[in-house]
Each structure stands twice: as structure tokens, then as C-alpha cells.
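> Quick one: the structure is below, questions incoming.
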Amino acid sequence: MNDDNRPHPEAFLPEANAEAAPEASPRGRLKIFLGASPGVGKTYAMLEEAAARRKAGSDVVAALVETHGRTETAALLARLDQIPRREISYRDRRLTEMDLDALLARRPGLALIDELAHTNAPGSRHPKRWQDVEEVLAAGIDVYTTLNIQHVESLNDVVARITGVQVQETVPDAVLQMADEIKLIDLPADDLIQRLHDGKVYMPAEAGRALANFFSKPNLTALRELALRTAASRVDAEMLALTRGMGRTGVQDRLMVCLDDPATAKGLVRAGRRMTDRARIPWVVAHVLTPGIEARGSAASGAMIDALQLAERLGAETRTLHAEHDVAGAFLDAAQQLNVTRLVVSRPASAGWLDRLKARFFPPLTARLVEAAGDFEVTILTPLGDRAVAAPRGARPLNGQRWFRILGESLAAAAFCTLIAWPFWHVLPVASLAVIYLVGVLAVGMRRGVAAAITASIVSFLTYNFFFTEPYYSFKVAAEESVVALLVFTISALFTGTLAGRLKRQVEFMHDAQARTETLYDFARKIASASTTDDVLWAGVAHIARTLECHSLILMPGPQGHLTQVQGFPSIEEDLDPISDAAALWAFQRGQAAGRDTDTLPAAGWMFLPLATQGAPMGVIGLRFTDPKRRMDPDTRRLLNAVEDQVAVAVERIKVGEDLERARLTSETEKLRAALLNSVSHDLRTPLVTVIGALSAVADGGLSPAQDRALTGQALDEARRLDRFVGNLLGMTRLGHGALVPRLRGVEAAELIAAARADLARVLDGFTVAVDVAPDTPPVLVDPLLIGQALSNLLENASKYAPEGSTIRITAAPEDAQVAITVSDEGPGIPPAERGSVFDLFHRAVQGDGQPAGTGLGLAIVKGMVEANGGSVAAIEPPAGRGAAIRLLLPADSAAPEEIDD
């Protein structure tokens, strides 16, 4: 198979999704009954097909169907099960809407939902009915719905141009794309007009107005053509998908819509959508921000944000670009990076002579793009302008105020410069005085920008000419050299003012960029250094609030599963209204944005975004702008999503770290448990077997008295050994719980050594025990029972490893304010690398069963008991150079002998 004819990988995605759908939650099927205008019979055709489905055995429910008083439609509807409507109180009126929750609880096989473009009453979960339909489809319920062609978003301006009526209720084109089937309900214009006369569309009182306005024959014919084209484009799309599945040729085009004029932005977006819908190519909508454009607080910026949001709803990828002054260059650079092949721009609006004069020196964006486009295909359109933005009366007062301020500052600067230059009139050459005015122009340009600099240049030129060139106090120029001076001054002022204005814009741009960079750096540093979840969440809400100038909070599920606020900025506790609570719960449960500026519960005062990575949401982030008029533009939304992702990743990182630590502790606990069981299986079973065997032999009788005494002594030794082992376990438990409280008293070191030897007399019977106590050794201030048990453990440990018949040495000597007691043997010794770990719990036991039996508790008990008495223990280099040596440092008793006796 040739590469050019190889099937496109994306062509297999629908089939793969269809195969995977039964295993996941299956999505319902959507069928749209599309008509050219009201009254063509969409609802009636929908009810007829629904009746056929019901007759075939399907569970059909009419969730919401409007009959508009038509008896035939009402008769068909009466045969179907209906869900009662939900009442909503709004401005002292009772409105009825579809009960979405009741429909989801009923879960029929097919739901009939009329008028897809309907706007729900305020307080509903979704502002539009098509969003309700999306939720119903996601629940696995099939939907039949109706739609008129004038409600398609991308055709909104075309319909307005044809009929003169701007339709407010629209449906994104993506809804039509996700439909599994579109059925065109067509009716000739003459038949529809006759139905209107017969009162089958509107009431007689409304029919006359409809015939005079919307329902004229030219309008209906044009709308029929639009509906037929839309249905035909659907067939073309299906054919294109089939051909792509069989093989493709060439490189796919990509279109970019360049937004520059807010008045035509929405119309240009809709036109771009129609072009890409016909060509079936991906598209991008781009807008350029320059330092001179005010990004907030103006009607123009609000219209541009609306246009970008409309583009996202229509399925476009939106980009907000930044440039100093070259807007065309920014568009072309972005087009090259995105592999765009076609550019769509708007034609400049017809202007007066002043704008045409300005265009000669400053060409509009369209001309600059066409000139520099190169290999790009440029399409110039004249879209229908947005009346809310294009209305000149709404924009002129703001511009008039701005120009009034610029003119006032220019006059003030010229007056101030004249006052400074007046005393130097007869001292300095007249040409030198122009420098003072240049400084004034520079100051105005730095303060107000390029337009103010040009205005100040003109005002300063006139002032300088009026006061300081002959004839004085006149705008006439008598001397030729004065003309040259004025020209030089004018050129210098314009050049200086323009540079000052551009410098001001660059400084503002750099200041904003620096502020964003610093906040991002500070946020990244805090996130990276945060060690707890609370620190991460606090850094996240603080960064969002400071960057977006808003209130922010984070909600996470509590012990009962309810969302509770865990962090907030600037206020830790925020009172959420019931709608905001519902929006937060929706965002958490569905993993989708909800609340203000979204498609779900937009009446809420807060916007909520799910806090999640690849798994289920762990919480939600909420924000509310301090300025109620502030809008969430797509660029800010992307910034917020990026911050939300970083917070979620950081929280997940900390949770993973905590899980790893718990897993490590669990693993260590399992190792200790296994070691203890291994040790107990040896050190409990071995003495018990010996005791049982010895006592069984004695009980059976037939032994000599010497054998009875030997067996009884052996059983007694093993029982004492078992008692020491149980004592070690009990002592370790007491040490671990801090319940071991020593009873200190002064005792001689020789007395402690003698008690330990006596306790282990039978164990040490096969060894030579050498005791060396220095004459000047003072008494030790310890608990004799605890230190006696510690010495017994050391002697028993030495007897396990020292060879039979070897010497075990016990020495005691003073050392500073302490007494050092050392127990050494002639066994294999302790490797230097392990001398620090032999006192760890179960250290011996975890080495396996190949060595002498032991629990690994003996030396750990020694360390715990010695430290409980204020001493220390350590494995040292043996005095003879071989074997093992363990030294105890115990506190010396400084009391007098008679006090000790007392």
C-alpha cells in the first residue's frame, strides 16, 4: 500500500470508541429534526417517529414537548408518557422548565426534548437546553430534539442579514456535529405561508406581524437554502470520513481567523466556522494584544473576550498573542508555528477622509497581511458587525474624554515650558529654547503615549512660534532661519515624543511581564519547597488571588464525603450561596468547570474548577473576581488551568510520598514481625522441648538419682533461659512505651558482676570468667535489677559466640565521673562496620538461622536499660585484638559511704 493511500489513523477512532463504549458508560444517540423555520412540522415528525419506536417496544418518554396549541400535535403527545415540568419562580413569575433530575432518575430508552436552542430560566443547572441534552446523552439515554436553522451559531449573522432579525438563542455547531442523525423537515414557502394564514403556526393576532417581517417568501426561500446546505454539508462530512478511512492524499489545510476589530470579531468567527465546516479542516482564532491596548475595563475588550469564547464554543483553538506594535508580524509568526495555510481577516470598515488619510501613512492590518502573507492564502471578509460594540455613540464619550485629557496635558506642558523659557529669552539663542519644549513633549509622551506625544508636539510648535519667533505674538514666520528652526523643532518633537511613547509602552509591557514572571517564579518556588498539602494549597490560592485579582478558595471532601473549605485567600472562610455550593459539587463529581462564566449554573457567584490530574478529582478550586464586571477571557482561563494542574500535581506528589513512607513503614514492620516470629520459633521452642524432654524422662522413671539430678538441672537451666527471654520481651515492651522507671541507688560494681555470674552459673560453667575491678572504682548510681539484667544479657551473649573453654573477661574501672564495665570474649568478634548496629532491635535475628540462636533482643535490651539509667553502651576494639568487647559507661555515685548505707 502506498503512503499516499494509507488509511488515516484518525479514521479508526470512531470505530474504536464505538467498540469501547459498551465496556464503559455508553452514550445515548442524538437525532435532530432540522427545519428551515417555525411551523414546518418538526415536532409533529418527531412525535410520529417516537410513536413508532414505542410501538416497537422502546421505553419512550416526552421530557418536554411544546404543542403551541396545535390539536394534531397534542393528540400525538397524549399517547406518550410525560414527565411533569419543574416550576421556577423568577421575578414574581412562575416559569416551567424540563425536570432534568426526574428524567435522569426515570432513565427511559428515548427522551423527547423539544426546542434545542431554548434558554432555560435563571436558576437552572444549565443556561441552555442543549446543555441539558448533553447531560442526558452522557447518561446513556437516546434523545430526539428539534432545531430551526436560524438557531445555528455559525449562521447567526447570515440569518440576521437575510431577515433583519438578530436571533439571540443559538446552538453551537459542535452540537450538530455530535448528532448521530439529522433529519431535514422541509416545506415549500407557499405551503408554510398558507399554514400561517390558517393559524397552524401562530395565533391570528401574531400571524400578520410574522408575515410582514420574518415569514416573507424571500426570507423563507433563503432559509430553506441554508437548511439544505447544512444537511448537504453533513452528507459531505460523512463522505469525507469514509474517504479518509480508505486513504488520504495531500496535506491537510489549517485556517486561522485573525481578530483585530472588536466590532466585527463575532461575525468573523462565525464566518470562519462556516468555512471550516465546509472544508472540514481544523482552525485557530487568534487575537493580538499590544502594550497600547487596554486589556480590561472597556467595551471593546469585553467584545473581544466574547468573540474568543464564542470561538471556543464553536470548536476553535484560541490564541492570545503579544506584540509591541507589529500586529501583522505576530499573526504571521503564529501562523507559521501552527502550520496554518489560510488566513481570514476582516475588511476595514468604510471611514471618513481622516481615516483614509491615516491609512495612507499607517496601512490597516488587512493591507499589511496581504503584503507580507507570502505563501499564505488570505481571505478578506466583510462580516456583520456587532451592534453592541459598533454603535459609535457608545464609544465616543470615552474617546472624547481621553482626547480632552491629552489636549489639557499638552496645553499645560506648553504653558509650563513657556514660563521656564521666558526668563532666558534674551540670554540664550532662540533655537536653544526649543530644547525646553522638547523636554515637555518627552514628559507628555512618557505619561500618555504616542498620540499624546504627537498632540504635545503640535501644541508646543504653535506656542514656540507664537512667543519666540518674529513677528512675535503671531503664528506668522518672517525670517527664513526661523522656518528652518521650526521645521527642525517639529521633526525633533515628533521623533522624541514618538520614542517616548513607545518607550512608555515597552516599560509597561516589561513591567507586566516581570510581574507575571515574578509571581510564577514565586509560585513555583513555594510549590517545590512545600512539604505538606496545606502549604501547597495555600500557595495555590494565594497565587491565584494575587495574579487574577480575585478571591480564591479550595474545597476538598471531608470525612463524611461533603465538600469543605480547606484554604482560602484573602479570607480563610467564605460564605457560599446554595447555587455556588451546587456548582462546586457538580465540578467535583463531574470533573468539569461549573459556576460563573461556564455553561453549568452560571448564576453562581463563584467559578469552580476540578482539582485533578489523571485520577478522580481530589477537590475543586473556586474564584470570584473583586470587580463584578470582570470577565474570564480564554487566556486567563488557560493560566488558571495551568496553576490548577500544578497544584494538583504537587498535592498528588505529596500524597505519593506519604504513601511511599507508609509502605516503607509497613515493610519494616513486616520484616520485624517476620524476625520476631523466626526468633520466637527458636528461642521459645528450643528450651520448651528441652524442658519437656527432661521432665518426661524423669516422669517415666527408671533413672538413677544422678541422672534425675542432671535432667532436673538441665530443665531448670532451660526454664531460667526461657524466663530471661520472656523478661527481655517484657522489658523491650516497657522500654517502647516509656513505662520503665529505674529505682536508682548506689551499688558496687563488684556486687553487680557477682549477681550476674551467679544468675548464669550453669551457662558459664564451661568458661573461665576473669573479673578485674580496679581498687579505686567508686559505686555506681543505678537500678541494680536493670543493670544486673543488662550484664546477664552481655554474659549470655558472650557465651553463645565464645568457644568452649575460652576466657570471658569482666573489668571495671573509673573513667571521669563514670564507671566503665567491659565484657570481652575470645569469639569471632563483631565486624567494625556492624559495631554501631548490633544494638538495633532484632539485628541478630534478621541474619538468618545459620548462626547461634538468638532473638536480637539481648543487646537492644542492654542499650535501653543502660540509657534508662543515664549511661551509655558501645562495642569497642577488644583489648586482646580478637573477640568482642562491649563497654558500659554508668554514672558514678558521688554520695558518702554512710549515706549509701543509710
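Labels used: A, B, ... for chains in the order of the C-alpha cells, numbers from 1 for residues in each chain, and numbers from 1 for ligands as shown.
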If we count only C-alpha atoms and set the cut-off at 7 Å, which residues sit around Leu611 in chain A, ignoring sequence neighbours fewer than 6 positions away in its own chain? Please answer as number ranges by chain.
A: 617-621, 644, 648
> Take the residues that were just selected and, keeping N, CA and C atoms, output them as a CSV table (one decimal), in the first residue's frame.

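Just written: out-v1.csv:
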chain,number,residue,atom,x,y,z
A,617,PRO,N,-11.1,13.6,40.7
A,617,PRO,CA,-10.8,14.9,41.3
A,617,PRO,C,-10.6,14.7,42.8
A,618,MET,N,-9.6,15.4,43.3
A,618,MET,CA,-9.4,15.4,44.8
A,618,MET,C,-10.0,16.7,45.5
A,619,GLY,N,-10.6,17.6,44.7
A,619,GLY,CA,-11.2,18.8,45.2
A,619,GLY,C,-11.5,19.7,44.1
A,620,VAL,N,-11.9,21.0,44.5
A,620,VAL,CA,-12.2,22.0,43.5
A,620,VAL,C,-11.5,23.3,43.9
A,621,ILE,N,-11.2,24.1,42.9
A,621,ILE,CA,-10.7,25.5,43.1
A,621,ILE,C,-11.8,26.4,42.8
A,644,GLU,N,-3.9,25.3,38.3
A,644,GLU,CA,-4.7,24.2,38.9
A,644,GLU,C,-4.0,22.9,38.6
A,648,ALA,N,-2.5,20.5,41.6
A,648,ALA,CA,-3.0,19.1,41.7
A,648,ALA,C,-1.8,18.1,41.6
> Can you check which residues of range 10-122 of chain A DSSP gives as strand (DSSP E) on the backbone and send them as a compact mmCIF listing (two decimals) with C-alpha atoms, in the first residue's frame?

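Generated output (states-v7.txt):
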# COMPACT_ATOMS: atom_id res chain seq x y z
CA LEU A 30 -28.94 12.06 19.27
CA LYS A 31 -31.33 12.70 16.38
CA ILE A 32 -32.10 16.28 15.36
CA PHE A 33 -35.18 17.21 13.36
CA LEU A 34 -33.91 20.28 11.49
CA GLY A 35 -36.28 22.78 9.90
CA VAL A 60 -40.28 6.46 25.22
CA VAL A 61 -40.86 9.49 27.45
CA ALA A 62 -41.76 13.05 26.50
CA ALA A 63 -39.47 15.10 28.74
CA LEU A 64 -40.62 18.41 27.24
CA ASP A 81 -45.70 9.08 28.84
CA GLN A 82 -44.78 12.58 30.01
CA ARG A 86 -40.41 21.76 37.10
CA GLU A 87 -41.64 25.16 38.29
CA ILE A 88 -39.19 28.03 38.82
CA SER A 89 -40.00 31.34 40.47
CA TYR A 90 -38.37 34.29 38.72
CA ARG A 93 -43.44 34.86 37.81
CA ARG A 94 -43.90 31.10 37.72
CA LEU A 95 -41.93 29.56 34.87
CA THR A 96 -41.86 25.90 33.88
CA GLU A 97 -38.84 24.03 32.59
CA LEU A 110 -35.71 7.51 24.42
CA ALA A 111 -36.43 11.06 25.62
CA LEU A 112 -38.22 13.72 23.54
CA ILE A 113 -36.82 17.20 24.23
> If you measure from CA of Thr600 in chain A to CA of Gln131 in chain A, what distance in Å do you get, rounded to one decimal?
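It comes out at 8.1 Å.
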> Env of Leu308 in chain A: 12 Å cut, atoms = only C-alpha atoms, seq-sep filter 2 positions within chain, self excluded. Answer as a PyMOL selection string.
chain A and resi 257-260+262+265-270+284-288+301-306+310-320+631-637
> Near Asn156 in chain A, counting only C-alpha atoms, which residues have an atom at most 9 Å away, once you skip same-chain residues fewer than 6 positions from it, shown as a list in words?
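Close residues of Asn156 in chain A: Gln150, Gln166, Val167, Gln168, Thr170, Gly267 and Arg270 of chain A.
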> Quick one: distance from CA of Gln707 in chain A to CA of Leu722 in chain A in Å, one decimal?
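Between CA of Gln707 in chain A and CA of Leu722 in chain A the gap is 22.3 Å.
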> Please list as a list in words every residue within 8 Å of Ala892 in chain A, counting only C-alpha atoms and excluding residues in the same chain fewer than 4 positions away.
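The contact residues come out as Pro778, Pro779, Val780, Leu781, Ala817, Gln818 and Val819 of chain A.
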> If you run DSSP on the backbone here, which positions in range 300-342 of chain A get alpha helix (DSSP H)? Please write them as a PyMOL selection string.
chain A and resi 300-313+327-337
> Could you dump the residues just selected with C-alpha atoms as a short mmCIF file (atom, residue, chain, number, x, y, z; two decimals), in the first residue's frame?

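What ended up in result_36.cif:
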data_model
loop_
_atom_site.label_atom_id
_atom_site.label_comp_id
_atom_site.auth_asym_id
_atom_site.auth_seq_id
_atom_site.Cartn_x
_atom_site.Cartn_y
_atom_site.Cartn_z
CA ALA A 300 -14.06 46.68 23.14
CA SER A 301 -12.04 44.27 25.27
CA GLY A 302 -15.27 42.70 26.55
CA ALA A 303 -16.45 42.17 22.98
CA MET A 304 -13.13 40.55 22.08
CA ILE A 305 -13.40 38.20 25.07
CA ASP A 306 -16.95 37.29 23.97
CA ALA A 307 -15.65 36.57 20.47
CA LEU A 308 -12.90 34.29 21.79
CA GLN A 309 -15.37 32.44 23.99
CA LEU A 310 -17.70 32.06 21.00
CA ALA A 311 -14.79 30.60 19.02
CA GLU A 312 -14.15 28.04 21.76
CA ARG A 313 -17.82 27.08 21.77
CA VAL A 327 0.33 43.05 14.81
CA ALA A 328 0.60 41.62 11.31
CA GLY A 329 4.00 40.12 12.09
CA ALA A 330 2.63 38.47 15.22
CA PHE A 331 -0.21 36.89 13.22
CA LEU A 332 2.18 35.61 10.55
CA ASP A 333 4.67 34.22 13.07
CA ALA A 334 1.88 32.35 14.86
CA ALA A 335 0.56 31.06 11.52
CA GLN A 336 3.97 29.63 10.65
CA GLN A 337 4.34 27.97 14.05
#
> Name all residues at most 12 Å from Asp759 in chain A (count only C-alpha atoms; drop same-chain ones fewer than 5 positions away) and give them as a ChimeraX atom specification.
/A:717,720-721,723-724,752-754,764-765,785,788-793,795-796
> How many Å lie between CA of Val439 in chain A and CA of Ala415 in chain A, rounded to one decimal?
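Straight-line distance from CA of Val439 in chain A to CA of Ala415 in chain A works out to 12.7 Å.
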